[in-house]
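Comments concern the structure below.
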Amino acid sequence: MRAGIIGIGSFLPEKVVHNTELEKIVETTNEWIVERTGIQSRRIAEANISSSDLGAEAARLAIENANLKPEDIDMIISASSSPDCTFPATACIIQDKINAKNAAAFDIQAACTGFVYGLVTATQYILSGECKNVLVVGCEVLSKITDWQDRNTCILFGDGAGAVVVSNVQQGGIAASILGADGSGAGLLEVPAGGTREPANLESVKNRRHYIKMNGNEVFKFAVKVFEESIRKIVNKANLTLDHIDLIIPHQANVRIIDAAVKRLKFPMERVVVNLDKYGNMSSASIPVALHEAISMGKIKRGDKVVLVGFGAGLTWGAVLMEWA
Ligand code: COA
């Protein structure tokens, strides 16, 4: 018995913001952003939209794609680096919006690895027999926690959502998974204020400490290292070699991170999904959106072995190897 993805959906805000528009806000150029990150544009949500709004849209599409009804969902796991609020869980807000009244609901906080952590958690609930249909949602409105005065970070992020339904499958499904964390790197990528360590106050707002702060160079090195290691580990765990892998769908942070890791793996770049040029880094939403696009574009065939690999704040990382049915 295996767990597998039986439905998928994604939802992106309509508004496209090209790099040239960022040239008007911070001291940067389209050329710099493209050369250093591969990003050309990103989607930005309207002011009245929160992560659960995008997540609920993606969730509805995933449930429809699975040929289920919202009441068939017995658990919702939402992963977001930009949740609607500290509590309640964004998953509960999504549950209400989609009317999935039979679902338990909770959030996972693993930043950009959140979707992979959610998918692995969902798999355990399916395999234990505790749940029948688990909805995993990655949803982000990062534009609202981005410091639009900081050129080091504001060029990187975008808004969007992706969702999957995980259930028992007869064929294919999730064959292996790994998760990891190193909390000693927590300070490398964080939103410092707004929690109990540094509660919101006039000073924290004045010092812009409710926005994403990042040590880009350190995060870059970490990302390349765990990307490569995670792929090697998961392939070993599944008793396969890299030659068996048809497609890698990595977290979409920076094309140079992807290039460097893929080069170290000596894996062909044609078998790696990259869509960050259009959307930037959508944290927990990047992987499900890229997976959905790859399926829609016919890049994944029945029987293909696909590896999802995520990495991000925490520091956290994780990978899932699945056979497409
Ligand atoms: N436009 C123009 N110049 C910029 C810039 C921008 N948007 N952002 C930074 N610079 C400048 C820096 O100030 C620096 O100038 P200096 O040499 O005068 O000090 C120079 O460009 C080089 O900066 P550096 O940080 O070394 O650039 P980089 O090639 O490492 O690229 C990142 C910076 C942020 C793109 C890169 O470090 C990165 O992608 N890191 C990982 C980020 C990430 O993926 N985070 C999420 C993980 S889930």
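Lettering and numbering for the structure tokens are positional, with chains as A, B, ... in the shown order, residues counted from 1 in each chain, and ligands counted from 1 in the shown order.
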For the interface of segment 139-181 of chain A with segment 70-92 of chain A (cut-off 8 Å, counting only C-alpha atoms), please tabulate each contacting residue of segment 139-181 of chain A alongside its nearest pair of atoms and their separation in Å to one decimal, rows sorted by chain and increasing number, as a tab-separated table.
```
residue	atom	partner	partner_atom	distance
A:Cys139	CA	A:Ser80	CA	5.5
A:Glu140	CA	A:Ser82	CA	5.5
A:Val141	CA	A:Ser82	CA	5.9
A:Leu142	CA	A:Ser82	CA	5.8
A:Lys144	CA	A:Ser82	CA	7.9
A:Ile145	CA	A:Ser82	CA	7.0
```
Could you take the residues named above and write them with N, CA, C and O atoms, as an mmCIF file, in the first residue's frame?
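As a result, part.cif now contains:
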```cif
data_model
loop_
_atom_site.group_PDB
_atom_site.id
_atom_site.type_symbol
_atom_site.label_atom_id
_atom_site.label_comp_id
_atom_site.auth_asym_id
_atom_site.auth_seq_id
_atom_site.Cartn_x
_atom_site.Cartn_y
_atom_site.Cartn_z
ATOM 1 N N CYS A 139 0.759 27.968 0.469
ATOM 2 C CA CYS A 139 0.178 29.248 0.015
ATOM 3 C C CYS A 139 0.940 30.418 0.601
ATOM 4 O O CYS A 139 1.310 30.404 1.770
ATOM 5 N N GLU A 140 1.186 31.404 -0.233
ATOM 6 C CA GLU A 140 2.031 32.522 0.202
ATOM 7 C C GLU A 140 1.575 33.855 -0.364
ATOM 8 O O GLU A 140 1.286 33.970 -1.563
ATOM 9 N N VAL A 141 1.546 34.854 0.529
ATOM 10 C CA VAL A 141 1.518 36.245 0.076
ATOM 11 C C VAL A 141 2.770 36.891 0.681
ATOM 12 O O VAL A 141 2.714 37.666 1.638
ATOM 13 N N LEU A 142 3.912 36.499 0.130
ATOM 14 C CA LEU A 142 5.198 36.963 0.660
ATOM 15 C C LEU A 142 5.387 38.458 0.445
ATOM 16 O O LEU A 142 6.154 39.103 1.166
ATOM 17 N N LYS A 144 3.701 40.750 1.302
ATOM 18 C CA LYS A 144 3.322 41.552 2.481
ATOM 19 C C LYS A 144 4.329 41.434 3.625
ATOM 20 O O LYS A 144 4.220 42.158 4.606
ATOM 21 N N ILE A 145 5.272 40.491 3.529
ATOM 22 C CA ILE A 145 6.321 40.433 4.560
ATOM 23 C C ILE A 145 7.690 40.718 3.932
ATOM 24 O O ILE A 145 8.736 40.446 4.525
#
```
Subject >> strand (DSSP E) per DSSP on the backbone: members of segment 123-317 of chain A, as JSON, numbers by chain >> reply: {"A": [134, 135, 136, 137, 138, 139, 140, 160, 161, 162, 163, 164, 165, 166, 167, 168, 169, 173, 174, 175, 176, 177, 178, 179, 180, 181, 189, 190, 213, 214, 247, 248, 249, 250, 305, 306, 307, 308, 309, 310, 311, 312, 316, 317]}
Original post:
ligand 1: which residues are within 7 Å, counting only C-alpha atoms and all ligand atoms, as a PyMOL selection string?
Top reply: chain A and resi 27-29+32-33+36-37+112+151-153+155+216-217+219-220+223+253-254+283+311-313
**OP:** Point out the residue among A:Gly160, A:Gly138, A:Gly172, A:Gly314 with the least atom-to-atom distance to Arg302 of chain A, counting only C-alpha atoms.
**Re:**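 Using only C-alpha atoms, Arg302 of chain A sits closest to A:Gly172.
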**OP:** Tell me, as a ChimeraX atom specification, which residues lie within 7 Å of segment 203-214 of chain A, counting only C-alpha atoms; anything in the same chain fewer than 4 positions away does not count.
**Re:** /A:145-147,188-194
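Going from atom CA of Ile248 of chain A to atom CA of Val309 of chain A covers 7.5 Å.
Near Glu57 of chain A, within a cut-off of 9 Å and counting only C-alpha atoms, sit the residues Gly9, Ser10, Phe11, Ser52, Asp53, Leu61, Ala62, Ile98, Ala161, Gly162 and Ala163 of chain A, with same-chain residues fewer than 4 positions away left out.
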All heavy atoms of the current selection, written as a PDB file, in the first residue's frame:
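And here is the file that came out, part_1.pdb:
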```pdb
ATOM      1  N   GLY A   9      -3.848  21.255  -7.801  1.00  0.00           N
ATOM      2  CA  GLY A   9      -4.346  22.542  -8.303  1.00  0.00           C
ATOM      3  C   GLY A   9      -3.389  23.653  -7.925  1.00  0.00           C
ATOM      4  O   GLY A   9      -2.612  23.510  -6.970  1.00  0.00           O
ATOM      5  N   SER A  10      -3.421  24.742  -8.676  1.00  0.00           N
ATOM      6  CA  SER A  10      -2.601  25.895  -8.293  1.00  0.00           C
ATOM      7  C   SER A  10      -3.327  27.172  -8.650  1.00  0.00           C
ATOM      8  O   SER A  10      -4.236  27.173  -9.499  1.00  0.00           O
ATOM      9  CB  SER A  10      -1.219  25.836  -8.960  1.00  0.00           C
ATOM     10  OG  SER A  10      -1.348  25.784 -10.354  1.00  0.00           O
ATOM     11  N   PHE A  11      -2.944  28.230  -7.975  1.00  0.00           N
ATOM     12  CA  PHE A  11      -3.614  29.510  -8.199  1.00  0.00           C
ATOM     13  C   PHE A  11      -2.611  30.638  -7.996  1.00  0.00           C
ATOM     14  O   PHE A  11      -1.914  30.686  -6.985  1.00  0.00           O
ATOM     15  CB  PHE A  11      -4.786  29.664  -7.222  1.00  0.00           C
ATOM     16  CG  PHE A  11      -5.615  30.870  -7.512  1.00  0.00           C
ATOM     17  CD1 PHE A  11      -6.583  30.843  -8.517  1.00  0.00           C
ATOM     18  CD2 PHE A  11      -5.429  32.053  -6.806  1.00  0.00           C
ATOM     19  CE1 PHE A  11      -7.343  31.967  -8.799  1.00  0.00           C
ATOM     20  CE2 PHE A  11      -6.186  33.179  -7.080  1.00  0.00           C
ATOM     21  CZ  PHE A  11      -7.148  33.143  -8.084  1.00  0.00           C
ATOM     22  N   SER A  52      -4.508  32.533   2.782  1.00  0.00           N
ATOM     23  CA  SER A  52      -5.602  31.552   2.760  1.00  0.00           C
ATOM     24  C   SER A  52      -6.516  31.734   1.545  1.00  0.00           C
ATOM     25  O   SER A  52      -7.124  30.768   1.083  1.00  0.00           O
ATOM     26  CB  SER A  52      -6.435  31.645   4.045  1.00  0.00           C
ATOM     27  OG  SER A  52      -7.153  32.859   4.073  1.00  0.00           O
ATOM     28  N   ASP A  53      -6.619  32.975   1.029  1.00  0.00           N
ATOM     29  CA  ASP A  53      -7.448  33.192  -0.173  1.00  0.00           C
ATOM     30  C   ASP A  53      -6.859  32.439  -1.362  1.00  0.00           C
ATOM     31  O   ASP A  53      -7.578  31.740  -2.091  1.00  0.00           O
ATOM     32  CB  ASP A  53      -7.511  34.691  -0.518  1.00  0.00           C
ATOM     33  CG  ASP A  53      -8.296  35.491   0.503  1.00  0.00           C
ATOM     34  OD1 ASP A  53      -9.363  35.014   0.923  1.00  0.00           O
ATOM     35  OD2 ASP A  53      -7.840  36.580   0.895  1.00  0.00           O
ATOM     36  N   LEU A  61      -9.411  23.599  -6.566  1.00  0.00           N
ATOM     37  CA  LEU A  61      -9.021  23.000  -7.854  1.00  0.00           C
ATOM     38  C   LEU A  61      -8.433  21.599  -7.654  1.00  0.00           C
ATOM     39  O   LEU A  61      -8.704  20.683  -8.433  1.00  0.00           O
ATOM     40  CB  LEU A  61      -8.011  23.912  -8.564  1.00  0.00           C
ATOM     41  CG  LEU A  61      -8.574  25.271  -9.004  1.00  0.00           C
ATOM     42  CD1 LEU A  61      -7.448  26.219  -9.425  1.00  0.00           C
ATOM     43  CD2 LEU A  61      -9.574  25.097 -10.157  1.00  0.00           C
ATOM     44  N   ALA A  62      -7.646  21.430  -6.592  1.00  0.00           N
ATOM     45  CA  ALA A  62      -7.035  20.114  -6.328  1.00  0.00           C
ATOM     46  C   ALA A  62      -8.106  19.075  -5.988  1.00  0.00           C
ATOM     47  O   ALA A  62      -8.047  17.927  -6.446  1.00  0.00           O
ATOM     48  CB  ALA A  62      -6.023  20.227  -5.184  1.00  0.00           C
ATOM     49  N   ILE A  98     -13.396  26.644   2.028  1.00  0.00           N
ATOM     50  CA  ILE A  98     -13.776  25.623   1.036  1.00  0.00           C
ATOM     51  C   ILE A  98     -14.882  24.709   1.566  1.00  0.00           C
ATOM     52  O   ILE A  98     -15.311  23.793   0.887  1.00  0.00           O
ATOM     53  CB  ILE A  98     -12.560  24.785   0.568  1.00  0.00           C
ATOM     54  CG1 ILE A  98     -11.982  23.932   1.720  1.00  0.00           C
ATOM     55  CG2 ILE A  98     -11.487  25.688  -0.039  1.00  0.00           C
ATOM     56  CD1 ILE A  98     -10.920  22.942   1.264  1.00  0.00           C
ATOM     57  N   ALA A 161      -0.074  29.938  -4.825  1.00  0.00           N
ATOM     58  CA  ALA A 161      -0.481  28.787  -4.014  1.00  0.00           C
ATOM     59  C   ALA A 161      -0.586  27.530  -4.873  1.00  0.00           C
ATOM     60  O   ALA A 161      -0.926  27.595  -6.061  1.00  0.00           O
ATOM     61  CB  ALA A 161      -1.835  29.061  -3.348  1.00  0.00           C
ATOM     62  N   GLY A 162      -0.291  26.406  -4.232  1.00  0.00           N
ATOM     63  CA  GLY A 162      -0.468  25.110  -4.880  1.00  0.00           C
ATOM     64  C   GLY A 162      -0.998  24.127  -3.857  1.00  0.00           C
ATOM     65  O   GLY A 162      -0.730  24.278  -2.660  1.00  0.00           O
ATOM     66  N   ALA A 163      -1.783  23.157  -4.312  1.00  0.00           N
ATOM     67  CA  ALA A 163      -2.364  22.196  -3.369  1.00  0.00           C
ATOM     68  C   ALA A 163      -2.444  20.815  -4.013  1.00  0.00           C
ATOM     69  O   ALA A 163      -2.569  20.699  -5.243  1.00  0.00           O
ATOM     70  CB  ALA A 163      -3.758  22.655  -2.947  1.00  0.00           C
TER      71      ALA A 163
END
```
**OP:** Would you mind writing down, as a VMD selection string, each residue of segment 87-230 of chain A that DSSP on the backbone assigns to alpha helix (DSSP H)?
**Re:** chain A and resid 90 to 98 114 to 127 202 to 206 216 to 230
Could you save the residues just selected, with C-alpha atoms, as a PDB file, in the first residue's frame?
```
ATOM      1  CA  THR A  90      -4.241  29.156   8.013  1.00  0.00           C
ATOM      2  CA  ALA A  91      -5.442  25.570   7.440  1.00  0.00           C
ATOM      3  CA  CYS A  92      -8.528  26.283   9.591  1.00  0.00           C
ATOM      4  CA  ILE A  93      -9.299  29.428   7.586  1.00  0.00           C
ATOM      5  CA  ILE A  94      -8.945  27.435   4.347  1.00  0.00           C
ATOM      6  CA  GLN A  95     -11.192  24.701   5.799  1.00  0.00           C
ATOM      7  CA  ASP A  96     -13.932  27.271   6.351  1.00  0.00           C
ATOM      8  CA  LYS A  97     -13.481  28.911   2.932  1.00  0.00           C
ATOM      9  CA  ILE A  98     -13.776  25.623   1.036  1.00  0.00           C
ATOM     10  CA  GLY A 114       6.864  23.438   4.118  1.00  0.00           C
ATOM     11  CA  PHE A 115       5.170  21.698   1.208  1.00  0.00           C
ATOM     12  CA  VAL A 116       7.595  18.757   1.359  1.00  0.00           C
ATOM     13  CA  TYR A 117       7.141  18.494   5.160  1.00  0.00           C
ATOM     14  CA  GLY A 118       3.364  18.626   4.619  1.00  0.00           C
ATOM     15  CA  LEU A 119       3.420  15.968   1.915  1.00  0.00           C
ATOM     16  CA  VAL A 120       5.527  13.634   4.075  1.00  0.00           C
ATOM     17  CA  THR A 121       3.190  14.189   7.047  1.00  0.00           C
ATOM     18  CA  ALA A 122       0.119  13.529   4.884  1.00  0.00           C
ATOM     19  CA  THR A 123       1.724  10.307   3.665  1.00  0.00           C
ATOM     20  CA  GLN A 124       2.066   9.040   7.256  1.00  0.00           C
ATOM     21  CA  TYR A 125      -1.628   9.698   7.980  1.00  0.00           C
ATOM     22  CA  ILE A 126      -2.616   7.790   4.843  1.00  0.00           C
ATOM     23  CA  LEU A 127      -0.266   4.864   5.471  1.00  0.00           C
ATOM     24  CA  LEU A 202       6.815  50.955  17.586  1.00  0.00           C
ATOM     25  CA  GLU A 203      10.571  50.342  17.559  1.00  0.00           C
ATOM     26  CA  SER A 204      10.296  46.999  15.763  1.00  0.00           C
ATOM     27  CA  VAL A 205       8.063  48.540  13.124  1.00  0.00           C
ATOM     28  CA  LYS A 206      10.373  51.562  12.711  1.00  0.00           C
ATOM     29  CA  GLY A 216      21.983  35.639   1.014  1.00  0.00           C
ATOM     30  CA  ASN A 217      25.476  34.221   0.594  1.00  0.00           C
ATOM     31  CA  GLU A 218      25.207  31.759   3.491  1.00  0.00           C
ATOM     32  CA  VAL A 219      21.722  30.649   2.457  1.00  0.00           C
ATOM     33  CA  PHE A 220      22.992  30.144  -1.084  1.00  0.00           C
ATOM     34  CA  LYS A 221      25.822  27.823   0.043  1.00  0.00           C
ATOM     35  CA  PHE A 222      23.495  25.899   2.370  1.00  0.00           C
ATOM     36  CA  ALA A 223      20.923  25.464  -0.410  1.00  0.00           C
ATOM     37  CA  VAL A 224      23.373  24.047  -2.952  1.00  0.00           C
ATOM     38  CA  LYS A 225      24.775  21.614  -0.355  1.00  0.00           C
ATOM     39  CA  VAL A 226      21.458  20.224   0.939  1.00  0.00           C
ATOM     40  CA  PHE A 227      19.943  20.097  -2.566  1.00  0.00           C
ATOM     41  CA  GLU A 228      22.737  17.789  -3.719  1.00  0.00           C
ATOM     42  CA  GLU A 229      22.826  15.723  -0.497  1.00  0.00           C
ATOM     43  CA  SER A 230      19.044  15.292  -0.342  1.00  0.00           C
TER      44      SER A 230
END
```
Distance table requested - segment 287-308 of chain A against segment 234-238 of chain A, cut-off 12 Å, only C-alpha atoms: one row per qualifying residue with the closest atom pair and its distance in Å to one decimal, ordered by chain and rising residue number, as JSON lines.
```
{"residue": "A:Lys305", "atom": "CA", "partner": "A:Val235", "partner_atom": "CA", "distance": 10.3}
{"residue": "A:Val306", "atom": "CA", "partner": "A:Val235", "partner_atom": "CA", "distance": 10.6}
{"residue": "A:Val307", "atom": "CA", "partner": "A:Ile234", "partner_atom": "CA", "distance": 8.5}
{"residue": "A:Leu308", "atom": "CA", "partner": "A:Ile234", "partner_atom": "CA", "distance": 10.1}
```
With all heavy atoms retained, export the selected residues as a short mmCIF file (atom, residue, chain, number, x, y, z; two decimals), in the first residue's frame.
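Generated file (again_5.cif):
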```cif
data_model
loop_
_atom_site.label_atom_id
_atom_site.label_comp_id
_atom_site.auth_asym_id
_atom_site.auth_seq_id
_atom_site.Cartn_x
_atom_site.Cartn_y
_atom_site.Cartn_z
N LYS A 305 9.60 8.55 -12.60
CA LYS A 305 10.06 8.75 -11.21
C LYS A 305 10.46 10.21 -11.05
O LYS A 305 11.33 10.72 -11.75
CB LYS A 305 11.22 7.82 -10.90
CG LYS A 305 10.79 6.37 -10.85
CD LYS A 305 11.90 5.45 -10.44
CE LYS A 305 11.40 4.02 -10.33
NZ LYS A 305 10.80 3.50 -11.57
N VAL A 306 9.76 10.86 -10.12
CA VAL A 306 9.91 12.31 -9.95
C VAL A 306 10.40 12.58 -8.53
O VAL A 306 9.87 12.00 -7.57
CB VAL A 306 8.54 13.00 -10.17
CG1 VAL A 306 8.65 14.51 -9.96
CG2 VAL A 306 8.00 12.70 -11.57
N VAL A 307 11.40 13.44 -8.40
CA VAL A 307 11.87 13.82 -7.07
C VAL A 307 11.55 15.29 -6.82
O VAL A 307 11.88 16.15 -7.64
CB VAL A 307 13.40 13.60 -6.91
CG1 VAL A 307 13.85 14.05 -5.52
CG2 VAL A 307 13.76 12.14 -7.11
N LEU A 308 10.89 15.57 -5.70
CA LEU A 308 10.68 16.94 -5.25
C LEU A 308 11.73 17.22 -4.19
O LEU A 308 11.94 16.39 -3.30
CB LEU A 308 9.29 17.10 -4.61
CG LEU A 308 8.09 16.49 -5.34
CD1 LEU A 308 6.80 16.74 -4.54
CD2 LEU A 308 7.95 17.09 -6.74
#
```
